[in-house]
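model-v5.txt follows (compact mmCIF, C-alpha atoms (C1' of nucleotides)):
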```
# COMPACT_ATOMS: atom_id res chain seq x y z
CA MET H 257 -12.87 39.07 0.94
CA THR H 258 -11.08 36.58 3.17
CA GLU H 259 -7.72 37.13 4.77
CA GLN H 260 -5.98 35.46 1.86
CA ASP H 261 -6.62 37.77 -1.04
CA ARG H 262 -3.32 36.80 -2.49
CA ASP H 263 -2.93 33.16 -3.34
CA LEU H 264 -5.58 32.78 -5.96
CA ARG H 265 -5.11 29.03 -5.87
CA ALA H 266 -6.48 28.79 -2.34
CA ARG H 267 -9.25 31.25 -3.15
CA LEU H 268 -10.39 29.10 -6.04
CA VAL H 269 -10.53 26.01 -3.88
CA ALA H 270 -12.44 27.95 -1.22
CA ALA H 271 -14.91 29.17 -3.82
CA GLY H 272 -15.38 25.60 -5.00
CA ILE H 273 -16.05 24.45 -1.46
CA GLU H 274 -18.60 27.19 -0.97
CA LEU H 275 -20.31 26.36 -4.23
CA VAL H 276 -20.48 22.63 -3.68
CA THR H 277 -21.86 22.98 -0.18
CA GLU H 278 -24.37 25.68 -1.08
CA GLU H 279 -25.50 24.59 -4.52
CA GLY H 280 -24.28 21.08 -5.14
CA VAL H 281 -22.02 19.36 -7.60
CA HIS H 282 -23.83 20.70 -10.64
CA ALA H 283 -22.76 24.24 -9.71
CA LEU H 284 -19.07 23.37 -9.90
CA GLY H 285 -18.45 24.86 -13.32
CA LEU H 286 -15.02 26.21 -14.04
CA ARG H 287 -16.39 29.60 -14.98
CA GLU H 288 -18.74 29.66 -12.04
CA ILE H 289 -15.91 29.04 -9.61
CA ALA H 290 -13.87 31.76 -11.28
CA ARG H 291 -16.80 34.18 -10.99
CA ARG H 292 -17.24 33.38 -7.33
CA ALA H 293 -13.53 33.96 -6.79
CA GLY H 294 -13.78 37.27 -8.63
CA VAL H 295 -11.47 36.49 -11.52
CA SER H 296 -11.91 35.89 -15.20
CA HIS H 297 -12.71 32.48 -16.59
CA GLY H 298 -9.18 31.89 -17.82
CA ALA H 299 -7.47 32.58 -14.53
CA PRO H 300 -7.82 29.12 -12.95
CA ARG H 301 -5.85 27.63 -15.78
CA ARG H 302 -2.66 29.10 -14.37
CA TYR H 303 -3.02 26.86 -11.29
CA PHE H 304 -5.20 24.00 -12.45
CA PRO H 305 -4.60 22.93 -16.04
CA THR H 306 -8.04 21.39 -16.25
CA ARG H 307 -11.34 21.57 -14.46
CA ARG H 308 -10.93 18.07 -13.09
CA GLU H 309 -7.77 19.03 -11.25
CA LEU H 310 -9.55 21.93 -9.64
CA LEU H 311 -12.40 19.68 -8.55
CA ALA H 312 -9.87 17.17 -7.28
CA ALA H 313 -8.38 19.88 -5.09
CA VAL H 314 -11.85 20.62 -3.71
CA ALA H 315 -12.44 16.93 -3.08
CA ARG H 316 -9.03 16.66 -1.42
CA HIS H 317 -10.15 19.26 1.06
CA GLY H 318 -13.31 17.27 1.64
CA PHE H 319 -11.34 14.13 2.40
CA GLY H 320 -9.28 16.12 4.88
CA ARG H 321 -12.40 17.35 6.64
CA LEU H 322 -13.81 13.81 6.68
CA THR H 323 -10.74 12.25 8.24
CA ASP H 324 -10.53 15.14 10.70
CA SER H 325 -14.12 14.57 11.70
CA LEU H 326 -13.66 10.84 12.13
CA ALA H 327 -10.37 11.20 13.98
CA GLY H 328 -11.98 13.75 16.29
CA ALA H 329 -14.93 11.50 17.01
CA ASP H 330 -12.66 8.55 17.72
CA ALA H 331 -10.36 10.59 19.93
CA LEU H 332 -13.33 11.77 21.94
CA ALA H 333 -14.62 8.22 22.32
CA ALA H 334 -11.16 6.92 23.20
CA THR H 335 -10.55 9.50 25.94
CA THR H 336 -13.85 8.63 27.57
CA GLY H 337 -12.56 5.11 27.84
CA ALA H 338 -15.09 3.55 25.52
CA ASP H 339 -14.78 -0.04 24.46
CA PRO H 340 -13.92 -0.82 20.81
CA ARG H 341 -17.54 -1.60 20.00
CA THR H 342 -18.77 1.89 20.88
CA ARG H 343 -15.70 3.51 19.34
CA ILE H 344 -16.59 1.85 16.06
CA GLU H 345 -20.15 2.96 16.47
CA SER H 346 -19.09 6.57 17.00
CA LEU H 347 -16.90 6.36 13.90
CA ALA H 348 -19.81 4.98 11.93
CA ARG H 349 -22.10 7.76 13.09
CA ALA H 350 -19.46 10.35 12.29
CA TYR H 351 -19.14 8.96 8.77
CA LEU H 352 -22.85 9.05 8.15
CA GLY H 353 -23.10 12.42 9.86
CA PHE H 354 -20.52 13.87 7.53
CA ALA H 355 -22.33 12.51 4.50
CA ALA H 356 -25.61 13.96 5.75
CA ALA H 357 -24.15 17.34 6.66
CA ASN H 358 -22.18 17.78 3.43
CA PRO H 359 -24.13 15.96 0.76
CA GLY H 360 -22.66 17.90 -2.15
CA MET H 361 -19.10 17.44 -0.98
CA PHE H 362 -19.70 13.79 -0.22
CA GLU H 363 -21.08 13.23 -3.69
CA LEU H 364 -18.13 14.97 -5.28
CA MET H 365 -15.66 12.94 -3.25
CA PHE H 366 -16.89 9.70 -4.79
CA ARG H 367 -17.59 10.89 -8.31
CA HIS H 368 -14.72 9.11 -9.96
CA ASP H 369 -15.64 10.55 -13.33
CA LEU H 370 -14.94 14.06 -12.04
CA LEU H 371 -11.72 13.16 -10.27
CA GLU H 372 -10.17 10.69 -12.66
CA GLY H 373 -6.42 10.82 -12.46
CA SER H 374 -6.30 12.06 -8.89
CA GLY H 375 -8.51 9.23 -7.71
CA THR H 376 -5.86 6.89 -6.43
CA GLU H 377 -4.14 9.64 -4.50
CA LEU H 378 -7.40 10.60 -2.78
CA ARG H 379 -8.21 6.98 -1.96
CA ARG H 380 -4.77 6.57 -0.48
CA SER H 381 -5.35 9.52 1.85
CA THR H 382 -8.04 7.60 3.70
CA LEU H 383 -5.77 4.63 4.34
CA PRO H 384 -4.45 5.51 7.81
CA LEU H 385 -7.95 6.03 9.07
CA PHE H 386 -8.92 2.70 7.59
CA LEU H 387 -6.06 1.04 9.41
CA THR H 388 -7.13 2.33 12.82
CA PHE H 389 -10.56 1.08 11.87
CA VAL H 390 -9.05 -2.32 11.19
CA GLY H 391 -7.42 -2.32 14.61
CA LEU H 392 -10.72 -1.65 16.33
CA VAL H 393 -12.49 -4.34 14.36
CA ALA H 394 -9.73 -6.78 15.21
CA GLU H 395 -10.36 -6.05 18.89
CA VAL H 396 -14.04 -6.80 18.51
CA HIS H 397 -13.42 -9.90 16.42
CA PRO H 398 -10.30 -11.45 17.90
CA GLN H 399 -11.06 -14.78 16.30
CA SER H 400 -11.33 -13.35 12.79
CA ASP H 401 -8.60 -14.44 10.40
CA ASP H 402 -9.06 -11.47 8.05
CA PRO H 403 -9.95 -8.32 9.98
CA ALA H 404 -9.16 -6.14 6.96
CA ALA H 405 -11.88 -7.85 4.95
CA ALA H 406 -14.32 -7.52 7.84
CA THR H 407 -13.49 -3.84 8.13
CA ALA H 408 -13.87 -3.27 4.42
CA ALA H 409 -17.24 -4.98 4.58
CA LEU H 410 -18.34 -2.74 7.42
CA TRP H 411 -17.09 0.37 5.67
CA ALA H 412 -18.88 -0.64 2.48
CA ASN H 413 -22.03 -1.02 4.53
CA LEU H 414 -21.71 2.49 5.91
CA HIS H 415 -20.97 3.86 2.48
CA GLY H 416 -23.97 2.13 0.99
CA LEU H 417 -26.15 3.47 3.78
CA ALA H 418 -24.99 7.01 3.08
CA GLN H 419 -25.57 6.54 -0.61
CA LEU H 420 -28.99 5.00 -0.34
CA ARG H 421 -30.10 7.56 2.19
CA THR H 422 -29.36 10.51 -0.10
CA TRP H 423 -30.98 8.51 -2.84
CA GLY H 424 -34.12 8.20 -0.75
CA SER H 425 -34.39 4.43 -0.83
CA LEU H 426 -34.28 3.99 2.91
CA ARG H 427 -37.32 6.16 3.41
CA LEU H 428 -39.07 3.90 0.94
CA ALA H 429 -37.95 0.59 2.39
CA THR H 430 -38.79 1.56 5.94
CA GLY H 431 -40.61 4.52 7.43
CA ASP H 432 -39.47 8.06 8.13
CA ASP H 433 -35.89 8.89 7.34
CA GLY H 434 -35.30 5.27 8.20
CA LEU H 435 -31.61 5.46 8.84
CA GLU H 436 -31.54 4.63 12.53
CA PRO H 437 -33.03 1.12 12.53
CA VAL H 438 -31.04 0.16 9.44
CA LEU H 439 -27.82 1.49 10.90
CA ARG H 440 -28.51 -0.43 14.07
CA ALA H 441 -29.14 -3.59 12.08
CA ALA H 442 -25.90 -3.09 10.18
CA LEU H 443 -23.86 -2.52 13.32
CA ASP H 444 -25.42 -5.51 15.02
CA ALA H 445 -24.65 -7.65 12.01
CA HIS H 446 -21.02 -6.66 11.79
CA LEU H 447 -20.20 -6.29 15.47
CA GLY H 448 -22.66 -8.55 17.17
CA PRO H 449 -25.72 -7.42 19.11
CA ALA H 450 -25.19 -4.33 21.22
CA ALA H 451 -26.13 -6.09 24.45
CA ARG H 452 -23.03 -8.00 25.46
CA MET S 1182 -30.69 -1.20 -38.16
CA THR S 1183 -32.87 -3.15 -35.80
CA GLU S 1184 -36.29 -4.54 -36.53
CA GLN S 1185 -37.97 -1.46 -35.07
CA ASP S 1186 -36.98 1.28 -37.47
CA ARG S 1187 -40.25 2.93 -36.76
CA ASP S 1188 -40.80 4.02 -33.23
CA LEU S 1189 -38.05 6.53 -32.81
CA ARG S 1190 -38.69 6.59 -29.10
CA ALA S 1191 -37.49 3.03 -28.64
CA ARG S 1192 -34.59 3.62 -30.99
CA LEU S 1193 -33.42 6.54 -28.89
CA VAL S 1194 -33.51 4.49 -25.73
CA ALA S 1195 -31.66 1.68 -27.47
CA ALA S 1196 -29.01 4.12 -28.65
CA GLY S 1197 -28.66 5.41 -25.11
CA ILE S 1198 -28.23 1.90 -23.78
CA GLU S 1199 -25.56 1.19 -26.37
CA LEU S 1200 -23.74 4.39 -25.57
CA VAL S 1201 -23.79 3.99 -21.82
CA THR S 1202 -22.57 0.41 -21.97
CA GLU S 1203 -19.89 1.09 -24.56
CA GLU S 1204 -18.65 4.52 -23.54
CA GLY S 1205 -20.01 5.34 -20.12
CA VAL S 1206 -22.25 7.96 -18.62
CA HIS S 1207 -20.23 10.86 -19.98
CA ALA S 1208 -21.15 9.85 -23.52
CA LEU S 1209 -24.87 10.23 -22.87
CA GLY S 1210 -25.25 13.59 -24.55
CA LEU S 1211 -28.56 14.41 -26.09
CA ARG S 1212 -26.99 15.17 -29.45
CA GLU S 1213 -24.76 12.12 -29.26
CA ILE S 1214 -27.74 9.86 -28.69
CA ALA S 1215 -29.56 11.51 -31.58
CA ARG S 1216 -26.55 11.00 -33.85
CA ARG S 1217 -26.32 7.35 -32.86
CA ALA S 1218 -30.01 6.96 -33.62
CA GLY S 1219 -29.52 8.64 -36.99
CA VAL S 1220 -31.75 11.65 -36.44
CA SER S 1221 -31.16 15.33 -35.96
CA HIS S 1222 -30.45 16.83 -32.58
CA GLY S 1223 -33.93 18.24 -32.23
CA ALA S 1224 -35.78 15.00 -32.86
CA PRO S 1225 -35.67 13.55 -29.33
CA ARG S 1226 -37.57 16.54 -28.04
CA ARG S 1227 -40.75 15.19 -29.61
CA TYR S 1228 -40.63 12.20 -27.23
CA PHE S 1229 -38.53 13.39 -24.31
CA PRO S 1230 -39.03 17.04 -23.43
CA THR S 1231 -35.65 17.14 -21.72
CA ARG S 1232 -32.44 15.22 -21.65
CA ARG S 1233 -33.09 14.01 -18.13
CA GLU S 1234 -36.28 12.29 -19.16
CA LEU S 1235 -34.44 10.47 -21.91
CA LEU S 1236 -31.76 9.35 -19.49
CA ALA S 1237 -34.48 8.30 -17.05
CA ALA S 1238 -35.92 6.07 -19.77
CA VAL S 1239 -32.51 4.50 -20.27
CA ALA S 1240 -32.13 3.98 -16.53
CA ARG S 1241 -35.62 2.50 -16.38
CA HIS S 1242 -34.49 -0.13 -18.83
CA GLY S 1243 -31.47 -0.77 -16.65
CA PHE S 1244 -33.65 -1.32 -13.60
CA GLY S 1245 -35.72 -3.76 -15.60
CA ARG S 1246 -32.64 -5.72 -16.59
CA LEU S 1247 -31.41 -5.71 -13.01
CA THR S 1248 -34.61 -7.06 -11.55
CA ASP S 1249 -34.81 -9.61 -14.36
CA SER S 1250 -31.31 -10.75 -13.56
CA LEU S 1251 -31.98 -11.03 -9.86
CA ALA S 1252 -35.32 -12.73 -10.32
CA GLY S 1253 -33.69 -15.20 -12.70
CA ALA S 1254 -30.92 -15.99 -10.28
CA ASP S 1255 -33.36 -16.48 -7.44
CA ALA S 1256 -35.66 -18.64 -9.51
CA LEU S 1257 -32.74 -20.85 -10.44
CA ALA S 1258 -31.64 -21.17 -6.85
CA ALA S 1259 -35.19 -21.83 -5.69
CA THR S 1260 -35.82 -24.63 -8.20
CA THR S 1261 -32.63 -26.38 -7.10
CA GLY S 1262 -34.12 -26.47 -3.63
CA ALA S 1263 -31.56 -24.20 -2.05
CA ASP S 1264 -31.99 -23.00 1.49
CA PRO S 1265 -32.72 -19.30 2.09
CA ARG S 1266 -29.11 -18.61 3.00
CA THR S 1267 -27.75 -19.67 -0.38
CA ARG S 1268 -30.67 -18.05 -2.19
CA ILE S 1269 -29.70 -14.76 -0.61
CA GLU S 1270 -26.09 -15.37 -1.53
CA SER S 1271 -27.00 -15.99 -5.15
CA LEU S 1272 -29.05 -12.79 -5.16
CA ALA S 1273 -26.12 -10.89 -3.72
CA ARG S 1274 -23.76 -12.28 -6.33
CA ALA S 1275 -26.21 -11.44 -9.07
CA TYR S 1276 -26.44 -7.86 -7.83
CA LEU S 1277 -22.69 -7.42 -7.75
CA GLY S 1278 -22.36 -9.27 -11.03
CA PHE S 1279 -24.76 -6.86 -12.69
CA ALA S 1280 -22.87 -3.88 -11.35
CA ALA S 1281 -19.59 -5.31 -12.58
CA ALA S 1282 -20.93 -6.30 -15.99
CA ASN S 1283 -22.71 -2.99 -16.64
CA PRO S 1284 -20.71 -0.36 -14.81
CA GLY S 1285 -21.93 2.54 -16.92
CA MET S 1286 -25.56 1.57 -16.61
CA PHE S 1287 -25.21 0.92 -12.91
CA GLU S 1288 -23.68 4.34 -12.40
CA LEU S 1289 -26.46 6.00 -14.36
CA MET S 1290 -29.12 4.16 -12.38
CA PHE S 1291 -27.97 5.77 -9.15
CA ARG S 1292 -27.03 9.19 -10.43
CA HIS S 1293 -29.92 11.04 -8.88
CA ASP S 1294 -28.76 14.33 -10.38
CA LEU S 1295 -29.35 12.93 -13.86
CA LEU S 1296 -32.69 11.34 -13.06
CA GLU S 1297 -34.25 13.88 -10.76
CA GLY S 1298 -37.99 13.86 -11.07
CA SER S 1299 -38.20 10.24 -12.17
CA GLY S 1300 -36.20 9.07 -9.21
CA THR S 1301 -39.02 8.02 -6.96
CA GLU S 1302 -40.69 6.08 -9.72
CA LEU S 1303 -37.48 4.18 -10.42
CA ARG S 1304 -36.90 3.46 -6.76
CA ARG S 1305 -40.41 2.15 -6.48
CA SER S 1306 -39.82 -0.30 -9.31
CA THR S 1307 -37.32 -2.22 -7.20
CA LEU S 1308 -39.76 -2.63 -4.34
CA PRO S 1309 -41.22 -6.05 -5.17
CA LEU S 1310 -37.77 -7.52 -5.45
CA PHE S 1311 -36.89 -5.96 -2.14
CA LEU S 1312 -39.91 -7.59 -0.56
CA THR S 1313 -38.97 -11.08 -1.68
CA PHE S 1314 -35.55 -10.28 -0.30
CA VAL S 1315 -37.19 -9.40 3.01
CA GLY S 1316 -38.99 -12.73 3.03
CA LEU S 1317 -35.76 -14.64 2.59
CA VAL S 1318 -34.03 -12.66 5.30
CA ALA S 1319 -36.94 -13.30 7.63
CA GLU S 1320 -36.46 -17.01 7.06
CA VAL S 1321 -32.79 -16.78 7.98
CA HIS S 1322 -33.47 -14.56 10.97
CA PRO S 1323 -36.73 -15.84 12.39
CA GLN S 1324 -36.09 -14.12 15.72
CA SER S 1325 -35.56 -10.70 14.18
CA ASP S 1326 -38.20 -8.13 15.06
CA ASP S 1327 -37.45 -5.92 12.03
CA PRO S 1328 -36.54 -8.01 9.00
CA ALA S 1329 -37.06 -5.04 6.70
CA ALA S 1330 -34.32 -3.09 8.45
CA ALA S 1331 -32.02 -6.10 8.35
CA THR S 1332 -32.69 -6.49 4.64
CA ALA S 1333 -32.09 -2.82 3.96
CA ALA S 1334 -28.81 -3.08 5.84
CA LEU S 1335 -27.76 -6.04 3.76
CA TRP S 1336 -28.76 -4.35 0.55
CA ALA S 1337 -26.86 -1.22 1.53
CA ASN S 1338 -23.84 -3.40 2.13
CA LEU S 1339 -24.06 -4.90 -1.33
CA HIS S 1340 -24.57 -1.49 -2.86
CA GLY S 1341 -21.58 -0.08 -1.03
CA LEU S 1342 -19.48 -3.01 -2.17
CA ALA S 1343 -20.42 -2.40 -5.77
CA GLN S 1344 -19.69 1.30 -5.40
CA LEU S 1345 -16.35 0.91 -3.69
CA ARG S 1346 -15.25 -1.75 -6.10
CA THR S 1347 -15.73 0.45 -9.16
CA TRP S 1348 -14.06 3.20 -7.17
CA GLY S 1349 -11.05 0.95 -6.63
CA SER S 1350 -10.98 1.14 -2.86
CA LEU S 1351 -11.30 -2.57 -2.29
CA ARG S 1352 -8.17 -3.28 -4.27
CA LEU S 1353 -6.40 -0.81 -2.01
CA ALA S 1354 -7.79 -2.09 1.27
CA THR S 1355 -7.07 -5.71 0.46
CA GLY S 1356 -5.18 -7.37 -2.34
CA ASP S 1357 -6.14 -8.14 -5.92
CA ASP S 1358 -9.66 -7.23 -6.97
CA GLY S 1359 -10.47 -7.92 -3.35
CA LEU S 1360 -14.18 -8.41 -3.70
CA GLU S 1361 -14.47 -12.05 -2.75
CA PRO S 1362 -13.16 -11.98 0.84
CA VAL S 1363 -15.04 -8.78 1.58
CA LEU S 1364 -18.26 -10.13 0.13
CA ARG S 1365 -17.82 -13.26 2.19
CA ALA S 1366 -17.26 -11.20 5.31
CA ALA S 1367 -20.37 -9.15 4.59
CA LEU S 1368 -22.52 -12.23 4.02
CA ASP S 1369 -21.19 -13.89 7.15
CA ALA S 1370 -21.92 -10.75 9.14
CA HIS S 1371 -25.49 -10.40 7.94
CA LEU S 1372 -26.46 -14.05 7.66
CA GLY S 1373 -24.21 -15.77 10.13
CA PRO S 1374 -21.19 -17.91 9.20
CA ALA S 1375 -21.68 -20.11 6.19
CA ALA S 1376 -20.87 -23.30 8.06
CA ARG S 1377 -24.07 -24.20 9.82
C1' DA B 913 -58.28 16.92 -54.32
C1' DG B 914 -57.23 19.61 -50.61
C1' DG B 915 -56.32 20.77 -45.84
C1' DG B 916 -54.61 19.89 -41.49
C1' DC B 917 -51.21 17.92 -38.66
C1' DG B 918 -47.76 15.16 -36.63
C1' DA B 919 -42.70 14.15 -37.22
C1' DG B 920 -38.34 15.44 -38.05
C1' DT B 921 -34.97 19.35 -39.76
C1' DA B 922 -32.21 23.27 -39.11
C1' DG B 923 -30.87 27.38 -37.12
C1' DA B 924 -30.39 30.43 -33.08
C1' DC B 925 -29.16 31.25 -28.29
C1' DA B 926 -26.85 31.07 -23.94
C1' DG B 927 -23.64 28.55 -21.67
C1' DT B 928 -19.56 25.35 -21.04
C1' DG B 929 -14.23 23.83 -21.04
C1' DT B 930 -10.07 24.49 -23.33
C1' DC B 931 -6.63 27.10 -25.98
C1' DT B 932 -4.03 31.25 -27.43
C1' DA B 933 -2.67 35.93 -27.94
C1' DC B 934 -2.23 39.87 -25.45
C1' DG B 935 -1.42 43.61 -21.53
C1' DG B 936 0.34 45.13 -17.23
C1' DC B 937 2.78 44.68 -13.13
C1' DT B 938 6.52 42.95 -10.66
C1' DG B 939 11.39 42.41 -9.43
C1' DT B 940 16.21 42.29 -11.24
C1' DC B 941 20.40 43.64 -13.30
C1' DC B 942 23.50 47.03 -15.82
C1' DG Y 714 17.42 55.12 -12.62
C1' DG Y 715 15.86 52.83 -16.68
C1' DA Y 716 15.45 48.79 -19.75
C1' DC Y 717 14.17 44.10 -19.59
C1' DA Y 718 12.33 39.59 -18.74
C1' DG Y 719 8.82 36.67 -16.55
C1' DC Y 720 4.76 35.78 -14.33
C1' DC Y 721 -0.28 36.66 -13.64
C1' DG Y 722 -4.59 37.57 -15.07
C1' DT Y 723 -7.69 39.26 -19.15
C1' DA Y 724 -10.24 38.62 -23.22
C1' DG Y 725 -11.51 36.54 -27.28
C1' DA Y 726 -11.99 32.40 -30.18
C1' DC Y 727 -13.36 27.58 -30.92
C1' DA Y 728 -15.99 23.49 -30.69
C1' DC Y 729 -19.48 21.65 -28.18
C1' DT Y 730 -23.71 21.19 -25.25
C1' DG Y 731 -29.08 21.49 -24.07
C1' DT Y 732 -33.10 24.00 -25.06
C1' DC Y 733 -36.26 26.70 -27.90
C1' DT Y 734 -38.52 28.07 -32.24
C1' DA Y 735 -39.52 28.50 -37.07
C1' DC Y 736 -40.07 25.71 -40.98
C1' DT Y 737 -40.92 21.84 -44.29
C1' DC Y 738 -42.22 17.48 -45.84
C1' DG Y 739 -45.43 13.65 -46.28
C1' DC Y 740 -49.34 11.14 -44.69
C1' DC Y 741 -54.28 10.57 -43.39
C1' DC Y 742 -59.01 11.92 -43.40
C1' DT Y 743 -63.17 13.74 -45.06
```
Can the structure in the file be given as structure tokens, please?
Amino acid sequence: MTEQDRDLRARLVAAGIELVTEEGVHALGLREIARRAGVSHGAPRRYFPTRRELLAAVARHGFGRLTDSLAGADALAATTGADPRTRIESLARAYLGFAAANPGMFELMFRHDLLEGSGTELRRSTLPLFLTFVGLVAEVHPQSDDPAAATAALWANLHGLAQLRTWGSLRLATGDDGLEPVLRAALDAHLGPAAR
Amino acid sequence: MTEQDRDLRARLVAAGIELVTEEGVHALGLREIARRAGVSHGAPRRYFPTRRELLAAVARHGFGRLTDSLAGADALAATTGADPRTRIESLARAYLGFAAANPGMFELMFRHDLLEGSGTELRRSTLPLFLTFVGLVAEVHPQSDDPAAATAALWANLHGLAQLRTWGSLRLATGDDGLEPVLRAALDAHLGPAAR
DNA sequence: AGGGCGAGTAGACAGTGTCTACGGCTGTCC
DNA sequence: GGACAGCCGTAGACACTGTCTACTCGCCCT
């Protein structure tokens, strides 16, 4: 189908990406991926000894797309000469936007039971992005003695927001989709009120 | 085994609780639960038409234990005449403590794919606790015009911390287990610095 | 005493992930 | 040019899962 009919390995990963974005994590069966890629159920084994390693490859792609998206958003904000506060805000919105636009992929990326073994490697891939995040937070909080902890706290807040939104709790706690006021409250808490 | 040898329904739920705390979510097979309860694999069907409903019953128990734990912690803090700030902190520590002490159960409780259908009911069960939480936050932030959003933001932060800790990201971002400094940063962000 | 009937058993069915034996095609060397 | 070795994908088996359906056993009620 695609330009890369050779290279079954890449085709399998692409099929997994399609499946997880169209159907969700539950559709990521080994045999289902093989069907979608047009090969027999035993074929993936040549490239991925176990299903988990195949799913880890799919998740790896997801992490790449996430960091690309965040880096792009930050680059855009940086070129427009935005202050650190709004750069952080654009990063935060990009993170939540990714989670909202790719719910299946986002769920897979943090399902440690499906990725066990490759987990640490995937976590490590987000580290450079985290470090630029730390730099921005340090600019906003120059008096902080532990900007890494403050950044981790902010990131955990964003992650929890993404999680609870797909879970539906925010709609229950507040009205509507409910993300916007809660996100604003979180950003105000971590970065100080928007009005400087 | 237990005092309630009758009432297979309760025995099945108890077996599920045992399994999820001892082995994790992956061990929560329908047949495995039936084996642990000492009945055949078809027996649960009389009480739970599908596996998901059985798992939802197990998660329901987990939510009960969680709210019990939080209510207990808050009652203790309230009787010692603590100010709202430290009451919130004790609630936060109880939440994270529960997640750390019952990782399997905590994971199950927020695995919407396993609980679909009963999800809204389970969410709703945490509402009263959330409301007392809102009251405390309103006391700390009397000038806030949307204490519910601020509370949801704080709760999302705690939830994200629990999630990222079991995922291992905190250890990577900071040293050691890494929870304590990040939790402190989160509490300071949402409630103001501890030193008043 | 006998008849329903609820509770649990046991087997079948489709589907899964993993493992193994097998074909067929490729490229290489004499 | 033809034999050969090695890789790639196929196909079947195995144990296991969740769901569905027939069946049986024992208790209660009139």
Take CA of Pro1284 in chain S and CA of Arg1346 in chain S and report the distance between them in Å, one decimal.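 Atom-to-atom, CA of Pro1284 in chain S to CA of Arg1346 in chain S, that is 10.4 Å.
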Using only C-alpha atoms (C1' of nucleotides), which protein or nucleic acid residues come within 12 Å of range 917-932 of chain B? Drop anything in the same chain fewer than 2 positions from it, and give the result as a PyMOL selection string. (chain H and resi 283-288+297-298+300-301+304-308) or (chain S and resi 1187-1190+1215+1219-1228) or (chain B and resi 915+934) or (chain Y and resi 724-742)
May I ask for the distance between CA of Asp330 in chain H and CA of Leu435 in chain H, given in Å to one decimal place?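 It comes out at 21.2 Å.
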Which neighbours of Thr1307 in chain S fall inside 12 Å, counting all atoms listed in the file, when residues of the same chain fewer than 4 positions from it are skipped, and could you give them as a ChimeraX atom specification? /H:425,428-429 /S:1241,1243-1249,1251-1252,1290,1300-1303,1311-1314,1336
Prev. selection, C-alpha atoms, output as an mmCIF file, in the frame of the given file:
```cif
data_model
loop_
_atom_site.group_PDB
_atom_site.id
_atom_site.type_symbol
_atom_site.label_atom_id
_atom_site.label_comp_id
_atom_site.auth_asym_id
_atom_site.auth_seq_id
_atom_site.Cartn_x
_atom_site.Cartn_y
_atom_site.Cartn_z
ATOM 1 C CA SER H 425 -34.390 4.430 -0.830
ATOM 2 C CA LEU H 428 -39.070 3.900 0.940
ATOM 3 C CA ALA H 429 -37.950 0.590 2.390
ATOM 4 C CA ARG S 1241 -35.620 2.500 -16.380
ATOM 5 C CA GLY S 1243 -31.470 -0.770 -16.650
ATOM 6 C CA PHE S 1244 -33.650 -1.320 -13.600
ATOM 7 C CA GLY S 1245 -35.720 -3.760 -15.600
ATOM 8 C CA ARG S 1246 -32.640 -5.720 -16.590
ATOM 9 C CA LEU S 1247 -31.410 -5.710 -13.010
ATOM 10 C CA THR S 1248 -34.610 -7.060 -11.550
ATOM 11 C CA ASP S 1249 -34.810 -9.610 -14.360
ATOM 12 C CA LEU S 1251 -31.980 -11.030 -9.860
ATOM 13 C CA ALA S 1252 -35.320 -12.730 -10.320
ATOM 14 C CA MET S 1290 -29.120 4.160 -12.380
ATOM 15 C CA GLY S 1300 -36.200 9.070 -9.210
ATOM 16 C CA THR S 1301 -39.020 8.020 -6.960
ATOM 17 C CA GLU S 1302 -40.690 6.080 -9.720
ATOM 18 C CA LEU S 1303 -37.480 4.180 -10.420
ATOM 19 C CA PHE S 1311 -36.890 -5.960 -2.140
ATOM 20 C CA LEU S 1312 -39.910 -7.590 -0.560
ATOM 21 C CA THR S 1313 -38.970 -11.080 -1.680
ATOM 22 C CA PHE S 1314 -35.550 -10.280 -0.300
ATOM 23 C CA TRP S 1336 -28.760 -4.350 0.550
#
```
At what distance in Å, to one decimal, does CA of Arg1266 in chain S lie from CA of Leu1372 in chain S? 7.0 Å
Return as a list in words the residues belonging to chain Y that are within 8 Å of chain H, counting only C-alpha atoms (C1' of nucleotides). DC721, DG722 and DT723 of chain Y
Could you give me the axis-aligned bounding box of range 921-938 of chain B, with 8 Å of padding per side, as centre plus edge lengths in Å to one decimal, as lines of an AutoDock Vina configuration file?
```
center_x = -14.2
center_y = 32.2
center_z = -25.2
size_x = 57.5
size_y = 41.8
size_z = 45.1
```
With a distance threshold of 7 Å and counting only C-alpha atoms, extract the residues of chain H near chain S and express them as number ranges by chain. H: 368, 379, 404-406, 408-409, 412-413, 415-417, 420, 423, 425, 429-430, 437-439, 441-442, 445-446
